[in-house]
$ cat query08.txt   # compact mmCIF, C-alpha atoms
# COMPACT_ATOMS: atom_id res chain seq x y z
CA MET A 1 3.99 -23.10 6.83
CA LYS A 2 1.61 -21.96 9.54
CA LYS A 3 2.06 -18.35 8.42
CA ASN A 4 1.31 -19.37 4.83
CA VAL A 5 -1.97 -21.00 5.89
CA ILE A 6 -2.91 -17.91 7.89
CA SER A 7 -2.14 -15.70 4.87
CA GLY A 8 -4.35 -17.86 2.67
CA LEU A 9 -7.21 -17.76 5.15
CA LEU A 10 -6.84 -14.01 5.51
CA GLY A 11 -7.08 -13.62 1.73
CA ALA A 12 -10.26 -15.70 1.65
CA LEU A 13 -11.76 -13.70 4.52
CA LEU A 14 -10.93 -10.44 2.75
CA SER A 15 -12.75 -11.63 -0.37
CA ILE A 16 -15.81 -12.65 1.63
CA GLY A 17 -15.63 -9.38 3.55
CA VAL A 18 -15.62 -7.26 0.38
CA PHE A 19 -18.77 -8.92 -0.93
CA GLY A 20 -20.36 -8.76 2.53
CA LEU A 21 -19.69 -5.03 2.86
CA ALA A 22 -21.01 -4.42 -0.65
CA TYR A 23 -24.23 -6.23 0.19
CA PHE A 24 -24.57 -4.33 3.48
CA PHE A 25 -24.03 -0.83 2.06
CA LEU A 26 -25.91 -1.18 -1.24
CA ASP A 27 -29.63 -0.50 -1.20
CA GLN A 28 -32.12 -2.77 -2.93
CA SER A 29 -32.17 -0.69 -6.12
CA HIS A 30 -28.42 -1.22 -6.60
CA ILE A 31 -28.71 -4.94 -5.93
CA ASP A 32 -31.54 -5.14 -8.48
CA LYS A 33 -29.38 -3.18 -10.91
CA PHE A 34 -26.58 -5.71 -10.50
CA LEU A 35 -28.80 -8.75 -11.14
CA PRO A 36 -30.18 -9.53 -14.63
CA ARG A 37 -33.56 -7.88 -15.27
CA ASN A 38 -34.30 -9.20 -18.76
CA LYS A 39 -33.17 -11.88 -21.21
CA ILE A 40 -30.39 -9.79 -22.75
CA GLU A 41 -28.91 -8.97 -19.34
CA ALA A 42 -29.22 -12.63 -18.35
CA ILE A 43 -27.21 -13.67 -21.43
CA ILE A 44 -24.54 -11.08 -20.62
CA TYR A 45 -24.53 -11.69 -16.86
CA PHE A 46 -23.03 -15.17 -16.65
CA PRO A 47 -20.01 -14.57 -18.93
CA MET A 48 -19.33 -11.45 -16.86
CA LEU A 49 -18.80 -13.66 -13.80
CA ILE A 50 -15.57 -14.76 -15.51
CA ILE A 51 -14.69 -11.76 -17.69
CA ALA A 52 -14.99 -9.10 -14.96
CA PRO A 53 -12.57 -10.73 -12.47
CA LEU A 54 -10.13 -11.40 -15.32
CA SER A 55 -10.28 -7.73 -16.30
CA ALA A 56 -9.45 -6.77 -12.71
CA LEU A 57 -6.50 -9.17 -12.66
CA THR A 58 -5.31 -7.79 -16.01
CA ILE A 59 -5.41 -4.19 -14.78
CA HIS A 60 -3.46 -5.10 -11.64
CA GLU A 61 -0.71 -6.85 -13.59
CA LEU A 62 -0.68 -4.09 -16.23
CA GLY A 63 0.08 -1.71 -13.38
CA HIS A 64 3.33 -3.55 -12.74
CA LEU A 65 4.10 -4.02 -16.44
CA VAL A 66 3.33 -0.51 -17.71
CA THR A 67 5.23 1.12 -14.85
CA GLY A 68 8.25 -1.09 -15.50
CA LEU A 69 8.25 -0.30 -19.21
CA PHE A 70 7.72 3.42 -18.54
CA LEU A 71 10.73 3.41 -16.21
CA GLY A 72 12.94 1.90 -18.90
CA GLN A 73 12.83 -1.81 -18.12
CA LYS A 74 12.09 -4.60 -20.58
CA LEU A 75 9.26 -7.11 -20.54
CA LYS A 76 10.16 -10.60 -19.39
CA LEU A 77 6.77 -12.16 -18.68
CA PHE A 78 3.09 -11.19 -18.59
CA VAL A 79 0.36 -13.75 -17.95
CA VAL A 80 -3.33 -13.59 -17.11
CA ALA A 81 -5.30 -16.83 -17.30
CA PHE A 82 -4.40 -18.57 -20.59
CA PHE A 83 -2.92 -15.50 -22.28
CA GLY A 84 0.79 -14.91 -22.03
CA LEU A 85 3.56 -12.66 -23.35
CA ARG A 86 7.23 -13.42 -22.85
CA ASP A 87 10.62 -12.28 -24.03
CA GLU A 88 12.42 -14.74 -26.31
CA ASP A 89 15.82 -13.59 -27.55
CA GLY A 90 14.82 -9.95 -27.42
CA LYS A 91 11.47 -10.48 -29.15
CA THR A 92 8.05 -10.43 -27.50
CA LYS A 93 6.13 -13.63 -28.19
CA ILE A 94 2.51 -14.52 -27.44
CA PHE A 95 1.96 -17.95 -25.90
CA PHE A 96 -0.83 -20.10 -24.50
CA ASN A 97 -0.31 -20.39 -20.75
CA LYS A 98 -0.64 -23.88 -19.27
CA ASN A 99 1.03 -23.11 -15.94
CA LEU A 100 -1.77 -22.98 -13.37
CA SER A 101 0.44 -21.17 -10.87
CA TYR A 102 0.49 -18.20 -13.29
CA PHE A 103 -3.25 -18.33 -13.98
CA GLY A 104 -4.10 -15.61 -11.45
CA GLY A 105 -1.72 -13.19 -13.13
CA ILE A 106 1.98 -12.39 -13.16
CA ALA A 107 4.00 -9.53 -14.64
CA ALA A 108 7.77 -9.31 -14.70
CA THR A 109 10.06 -6.67 -16.12
CA ALA A 110 13.84 -6.53 -15.83
CA PRO A 111 16.62 -3.96 -16.16
CA LYS A 112 18.14 -3.81 -19.64
CA THR A 113 21.72 -3.45 -18.39
CA GLU A 114 23.58 -3.49 -15.06
CA LYS A 115 23.48 0.32 -15.06
CA ASP A 116 19.68 0.11 -14.91
CA ILE A 117 19.58 -1.99 -11.72
CA ASN A 118 17.83 0.43 -9.37
CA PRO A 119 15.95 -0.63 -6.20
CA ASN A 120 13.92 2.61 -6.27
CA THR A 121 12.62 1.70 -9.71
CA PHE A 122 11.68 -1.76 -8.46
CA SER A 123 9.78 -0.36 -5.46
CA LYS A 124 7.71 1.85 -7.79
CA ILE A 125 6.89 -1.14 -9.97
CA LEU A 126 5.76 -3.10 -6.91
CA ILE A 127 3.34 -0.48 -5.59
CA ALA A 128 1.93 0.28 -9.05
CA GLY A 129 -0.18 -2.91 -9.04
CA PRO A 130 -2.26 -1.99 -5.97
CA ILE A 131 -2.55 1.63 -7.17
CA PHE A 132 -3.91 0.52 -10.57
CA SER A 133 -6.34 -1.85 -8.82
CA PHE A 134 -7.65 0.92 -6.58
CA LEU A 135 -8.06 3.35 -9.49
CA TYR A 136 -9.90 0.70 -11.54
CA PHE A 137 -12.15 0.04 -8.54
CA ILE A 138 -13.05 3.75 -8.34
CA ILE A 139 -13.69 4.04 -12.10
CA CYS A 140 -15.89 0.93 -12.24
CA LEU A 141 -17.78 1.99 -9.12
CA ILE A 142 -18.52 5.43 -10.58
CA VAL A 143 -19.70 3.91 -13.87
CA PHE A 144 -21.93 1.44 -12.02
CA PHE A 145 -23.59 4.14 -9.91
CA GLN A 146 -23.85 6.83 -12.59
CA PHE A 147 -24.97 4.79 -15.59
CA ASP A 148 -27.47 2.03 -16.29
CA SER A 149 -26.67 -0.44 -19.06
CA TYR A 150 -26.62 -4.10 -19.99
CA PHE A 151 -23.10 -4.22 -18.54
CA ASN A 152 -23.99 -3.28 -14.95
CA SER A 153 -22.81 -6.69 -13.75
CA PHE A 154 -19.41 -6.21 -15.42
CA PHE A 155 -18.69 -2.90 -13.70
CA ALA A 156 -20.01 -4.09 -10.32
CA LEU A 157 -17.98 -7.31 -10.35
CA SER A 158 -14.89 -5.53 -11.68
CA ALA A 159 -15.14 -2.96 -8.88
CA LEU A 160 -15.53 -5.63 -6.20
CA THR A 161 -12.71 -7.78 -7.56
CA SER A 162 -10.35 -4.81 -7.93
CA PHE A 163 -11.04 -3.66 -4.40
CA GLY A 164 -10.45 -7.21 -3.18
CA LEU A 165 -7.13 -7.32 -5.06
CA PHE A 166 -6.15 -3.99 -3.58
CA LEU A 167 -6.82 -5.26 -0.05
CA ALA A 168 -5.20 -8.65 -0.69
CA THR A 169 -1.98 -7.03 -1.93
CA THR A 170 -1.76 -4.37 0.78
CA LEU A 171 -3.20 -5.58 4.10
CA PRO A 172 -1.52 -9.00 4.57
CA GLU A 173 2.24 -9.34 4.76
CA LYS A 174 2.34 -12.46 2.61
CA SER A 175 0.42 -14.28 -0.06
CA GLY A 176 1.51 -17.89 0.26
CA ILE A 177 5.30 -17.87 0.61
CA MET A 178 5.76 -14.52 -1.12
CA PHE A 179 5.55 -11.04 0.35
CA THR A 180 2.63 -8.95 -0.89
CA ASP A 181 3.31 -5.90 -3.05
CA ARG A 182 2.84 -3.53 -0.12
CA LYS A 183 5.08 -5.50 2.24
CA ARG A 184 7.85 -5.81 -0.35
CA PHE A 185 7.60 -2.07 -1.04
CA GLN A 186 7.78 -1.42 2.70
CA ARG A 187 10.82 -3.68 3.14
CA LEU A 188 12.62 -1.90 0.31
CA ASN A 189 11.97 1.51 1.83
CA THR A 190 12.51 0.85 5.55
CA THR A 191 16.09 1.24 6.76
CA GLY A 192 17.56 -1.91 8.31
CA ILE A 193 18.55 -5.48 7.55
CA THR A 194 15.31 -6.20 5.66
CA GLN A 195 16.04 -3.33 3.27
CA GLU A 196 19.62 -4.54 2.80
CA ALA A 197 18.39 -8.08 2.12
CA GLU A 198 15.74 -6.94 -0.37
CA ILE A 199 18.21 -4.74 -2.24
CA ALA A 200 20.83 -7.51 -2.33
CA MET A 201 18.30 -10.04 -3.62
CA TYR A 202 17.01 -7.63 -6.26
CA GLU A 203 20.54 -6.90 -7.45
CA LEU A 204 21.54 -10.57 -7.55
CA ILE A 205 18.43 -11.74 -9.42
CA SER A 206 18.57 -8.77 -11.82
CA LYS A 207 22.20 -9.59 -12.64
CA GLY A 208 21.20 -13.21 -13.26
CA ILE A 209 18.36 -12.17 -15.58
CA ILE A 210 20.53 -9.72 -17.55
CA ASP A 211 23.28 -12.32 -18.06
CA ASN A 212 20.80 -15.20 -18.36
CA SER A 213 23.12 -16.90 -15.88
CA PHE A 214 24.07 -16.77 -12.21
CA LYS A 215 27.71 -17.49 -13.04
CA ASN A 216 28.95 -13.95 -12.45
CA ILE A 217 26.78 -12.79 -9.54
CA ASP A 218 28.46 -11.39 -6.43
CA ILE A 219 28.17 -14.50 -4.25
CA ASP A 220 29.21 -12.56 -1.13
CA LYS A 221 25.89 -10.71 -1.23
CA THR A 222 24.03 -13.93 -0.38
CA SER A 223 25.36 -13.58 3.17
CA ILE A 224 23.26 -10.40 3.48
CA LEU A 225 20.15 -12.39 2.62
CA GLU A 226 20.95 -14.93 5.34
CA LYS A 227 20.80 -12.20 7.99
CA ASP A 228 17.09 -11.76 7.28
CA ASN A 229 14.83 -13.77 9.59
CA ASP A 230 12.38 -14.70 6.83
CA ALA A 231 12.63 -18.29 5.55
CA THR A 232 11.81 -17.30 1.97
CA ILE A 233 14.76 -14.90 1.83
CA LYS A 234 17.06 -17.57 3.27
CA PHE A 235 15.75 -19.97 0.61
CA TRP A 236 16.74 -17.54 -2.15
CA ALA A 237 20.19 -17.16 -0.61
CA ALA A 238 20.66 -20.95 -0.75
CA TYR A 239 19.27 -21.16 -4.29
CA LEU A 240 21.49 -18.37 -5.64
CA ARG A 241 24.59 -19.97 -4.11
CA PHE A 242 23.64 -23.36 -5.55
CA MET A 243 23.16 -21.95 -9.05
CA HIS A 244 26.37 -19.92 -8.88
CA TYR A 245 28.48 -22.94 -7.93
CA LYS A 246 26.69 -25.18 -10.44
CA GLU A 247 27.24 -22.82 -13.37
CA ASN A 248 30.90 -22.34 -12.42
CA GLY A 249 31.52 -26.08 -12.25
CA LEU A 250 32.45 -25.99 -8.54
CA TYR A 251 31.02 -29.45 -7.90
CA GLU A 252 31.98 -29.86 -4.25
CA LYS A 253 30.53 -26.48 -3.28
CA GLU A 254 27.51 -27.17 -5.50
CA SER A 255 26.81 -30.39 -3.58
CA GLU A 256 27.11 -28.60 -0.23
CA ALA A 257 24.82 -25.80 -1.43
CA LEU A 258 22.26 -28.32 -2.67
CA GLN A 259 22.11 -29.95 0.76
CA GLN A 260 21.48 -26.54 2.32
CA LEU A 261 18.80 -25.85 -0.27
CA LEU A 262 17.00 -29.14 0.33
CA ILE A 263 16.45 -28.14 3.96
CA PHE A 264 13.64 -25.92 2.64
CA LYS A 265 11.99 -28.59 0.48
CA SER A 266 9.14 -29.38 2.87
CA ASP A 267 8.36 -25.69 3.38
CA PHE A 268 7.88 -24.70 -0.25
CA PRO A 269 5.37 -25.92 -2.88
CA LYS A 270 6.47 -28.45 -5.48
CA SER A 271 5.64 -25.90 -8.18
CA ILE A 272 8.50 -23.69 -6.95
CA TRP A 273 11.03 -26.51 -7.22
CA LYS A 274 9.70 -27.47 -10.65
CA THR A 275 9.83 -23.89 -11.95
CA LEU A 276 13.38 -23.38 -10.67
CA LYS A 277 14.41 -26.81 -12.01
CA ILE A 278 16.10 -27.82 -8.78
CA GLU A 279 17.34 -31.40 -8.91

$ encode --input "query08.txt" --output "structure tokens"
Amino acid sequence: MKKNVISGLLGALLSIGVFGLAYFFLDQSHIDKFLPRNKIEAIIYFPMLIIAPLSALTIHELGHLVTGLFLGQKLKLFVVAFFGLRDEDGKTKIFFNKNLSYFGGIAATAPKTEKDINPNTFSKILIAGPIFSFLYFIICLIVFFQFDSYFNSFFALSALTSFGLFLATTLPEKSGIMFTDRKRFQRLNTTGITQEAEIAMYELISKGIIDNSFKNIDIDKTSILEKDNDATIKFWAAYLRFMHYKENGLYEKESEALQQLLIFKSDFPKSIWKTLKIE
């Protein structure tokens, strides 16, 4: 939990740092350009305080989504703020998001068949988010410096938010309990036990998503996850075992697995347990 707090503080410091650096390096003319200079710009300015960051979040998540779809995967979930898309019986449905834990953006694609389970594909999807954020930052920055319009505030805020997202998903190792995009990409591409654990977890979860069940996953692979020193990976090992035994009706083993899983209860947010529907 201490590491999670440190990760959160680091994210906050990065955000403050981005705005601080922007203020330090911009001259007065650029600051004046960012602030409203007439009534029309004032009307536009305040909505942009919400719209611009949301656009940056959307671009980041679209990076993951578009890359996944381009590489042959199928959409499972895409959410930014209240807007959501999800797969329901092979059809894409729009829904109104009420889950606050998804409010900051989430994109998930999945292999269509077991033949499509490819860790290299997954690593490309992971790194695409930060790449899209950085490219959007550059584009918005160029537009802000090269053009003068009523939407100066939109491009300035979008650039700052995108750069902040890029830093937040690349510099720290974790965001809360989850590895950042960069760290997950690194773990998948660095030879050793962490790579083996990441690949095993990806294969197990992908199999579960394809079958819409953990009944037929290779339970022996969970032992690979347990070799990893990270508590989050060990949590997933316990969860996958619990679900496998539960769906196969192995009640004694299910009970034992649940006890192992509950060891992690104080270390993970209630939202995780609620989402995973752990009793």

$ closest_atom_pairs --input "query08.txt" --of "range 35-81 of chain A" --to "range 131-136 of chain A" --cutoff "9 Å" --atoms "all atoms listed in the file" --output "JSON lines"
{"residue": "A:Ala56", "atom": "CA", "partner": "A:Ser133", "partner_atom": "CA", "distance": 7.0}
{"residue": "A:Leu57", "atom": "CA", "partner": "A:Ser133", "partner_atom": "CA", "distance": 8.3}
{"residue": "A:Ile59", "atom": "CA", "partner": "A:Ser133", "partner_atom": "CA", "distance": 6.5}
{"residue": "A:His60", "atom": "CA", "partner": "A:Ser133", "partner_atom": "CA", "distance": 5.2}
{"residue": "A:Glu61", "atom": "CA", "partner": "A:Phe132", "partner_atom": "CA", "distance": 8.6}
{"residue": "A:Leu62", "atom": "CA", "partner": "A:Phe132", "partner_atom": "CA", "distance": 8.0}
{"residue": "A:Gly63", "atom": "CA", "partner": "A:Phe132", "partner_atom": "CA", "distance": 5.4}
{"residue": "A:His64", "atom": "CA", "partner": "A:Phe132", "partner_atom": "CA", "distance": 8.6}

$ closest_atom_pairs --input "query08.txt" --of "range 134-193 of chain A" --to "range 232-248 of chain A" --cutoff "10 Å" --atoms "all atoms listed in the file" --output "tab-separated table"
residue	atom	partner	partner_atom	distance
A:Ile177	CA	A:Thr232	CA	6.7
A:Met178	CA	A:Thr232	CA	7.3
A:Phe179	CA	A:Thr232	CA	9.0

$ residues_around --input "query08.txt" --residues "Phe185 in chain A" --least-positions-apart "4" --cutoff "10 Å" --atoms "only C-alpha atoms" --output "MDAnalysis selection string"
chainID A and resid 119:120 122:127 170 179:181 189:190 195 198

$ closest_residue --input "query08.txt" --among "A:Ala200, A:Leu160, A:Ala231, A:Met48" --to "Phe264 in chain A" --atoms "all atoms listed in the file"
A:Ala231

$ closest_residue --input "query08.txt" --among "A:Gly208, A:Gly129, A:Met201, A:Phe83" --to "Glu226 in chain A" --atoms "only C-alpha atoms"
A:Met201

$ closest_residue --input "query08.txt" --among "A:Ile205, A:Glu41, A:Ser153, A:Thr275" --to "Asn99 in chain A" --atoms "only C-alpha atoms"
A:Thr275

$ atom_distance --input "query08.txt" --atom1 "CA of Leu141 in chain A" --atom2 "CA of Phe155 in chain A"
6.8 Å

$ atom_distance --input "query08.txt" --atom1 "CA of Leu204 in chain A" --atom2 "CA of Asp218 in chain A"
7.1 Å

$ closest_residue --input "query08.txt" --among "A:Ile193, A:Ile43, A:Ile272, A:Ala81" --to "Gly105 in chain A" --atoms "all atoms listed in the file"
A:Ala81

$ closest_residue --input "query08.txt" --among "A:Ala107, A:Ala42, A:Leu250, A:Val80" --to "Val66 in chain A" --atoms "all atoms listed in the file"
A:Ala107

$ closest_residue --input "query08.txt" --among "A:Ser213, A:Ser206, A:Thr191, A:Ser101" --to "Lys74 in chain A" --atoms "all atoms listed in the file"
A:Ser206

$ residues_near_point --input "query08.txt" --point "(19.3, -2.8, -12.0)" --cutoff "9 Å" --atoms "all atoms listed in the file" --output "list of chain:residue names"
A:Gln73, A:Ala110, A:Pro111, A:Lys112, A:Thr113, A:Glu114, A:Lys115, A:Asp116, A:Ile117, A:Asn118, A:Pro119, A:Thr121, A:Phe122, A:Tyr202, A:Glu203, A:Ser206, A:Lys207, A:Ile210

$ write_last_selection --input "query08.txt" --atoms "C-alpha atoms" --output "PDB file, keeping the file's coordinate frame"
ATOM      1  CA  GLN A  73      12.830  -1.810 -18.120  1.00  0.00           C
ATOM      2  CA  ALA A 110      13.840  -6.530 -15.830  1.00  0.00           C
ATOM      3  CA  PRO A 111      16.620  -3.960 -16.160  1.00  0.00           C
ATOM      4  CA  LYS A 112      18.140  -3.810 -19.640  1.00  0.00           C
ATOM      5  CA  THR A 113      21.720  -3.450 -18.390  1.00  0.00           C
ATOM      6  CA  GLU A 114      23.580  -3.490 -15.060  1.00  0.00           C
ATOM      7  CA  LYS A 115      23.480   0.320 -15.060  1.00  0.00           C
ATOM      8  CA  ASP A 116      19.680   0.110 -14.910  1.00  0.00           C
ATOM      9  CA  ILE A 117      19.580  -1.990 -11.720  1.00  0.00           C
ATOM     10  CA  ASN A 118      17.830   0.430  -9.370  1.00  0.00           C
ATOM     11  CA  PRO A 119      15.950  -0.630  -6.200  1.00  0.00           C
ATOM     12  CA  THR A 121      12.620   1.700  -9.710  1.00  0.00           C
ATOM     13  CA  PHE A 122      11.680  -1.760  -8.460  1.00  0.00           C
ATOM     14  CA  TYR A 202      17.010  -7.630  -6.260  1.00  0.00           C
ATOM     15  CA  GLU A 203      20.540  -6.900  -7.450  1.00  0.00           C
ATOM     16  CA  SER A 206      18.570  -8.770 -11.820  1.00  0.00           C
ATOM     17  CA  LYS A 207      22.200  -9.590 -12.640  1.00  0.00           C
ATOM     18  CA  ILE A 210      20.530  -9.720 -17.550  1.00  0.00           C
TER      19      ILE A 210
END
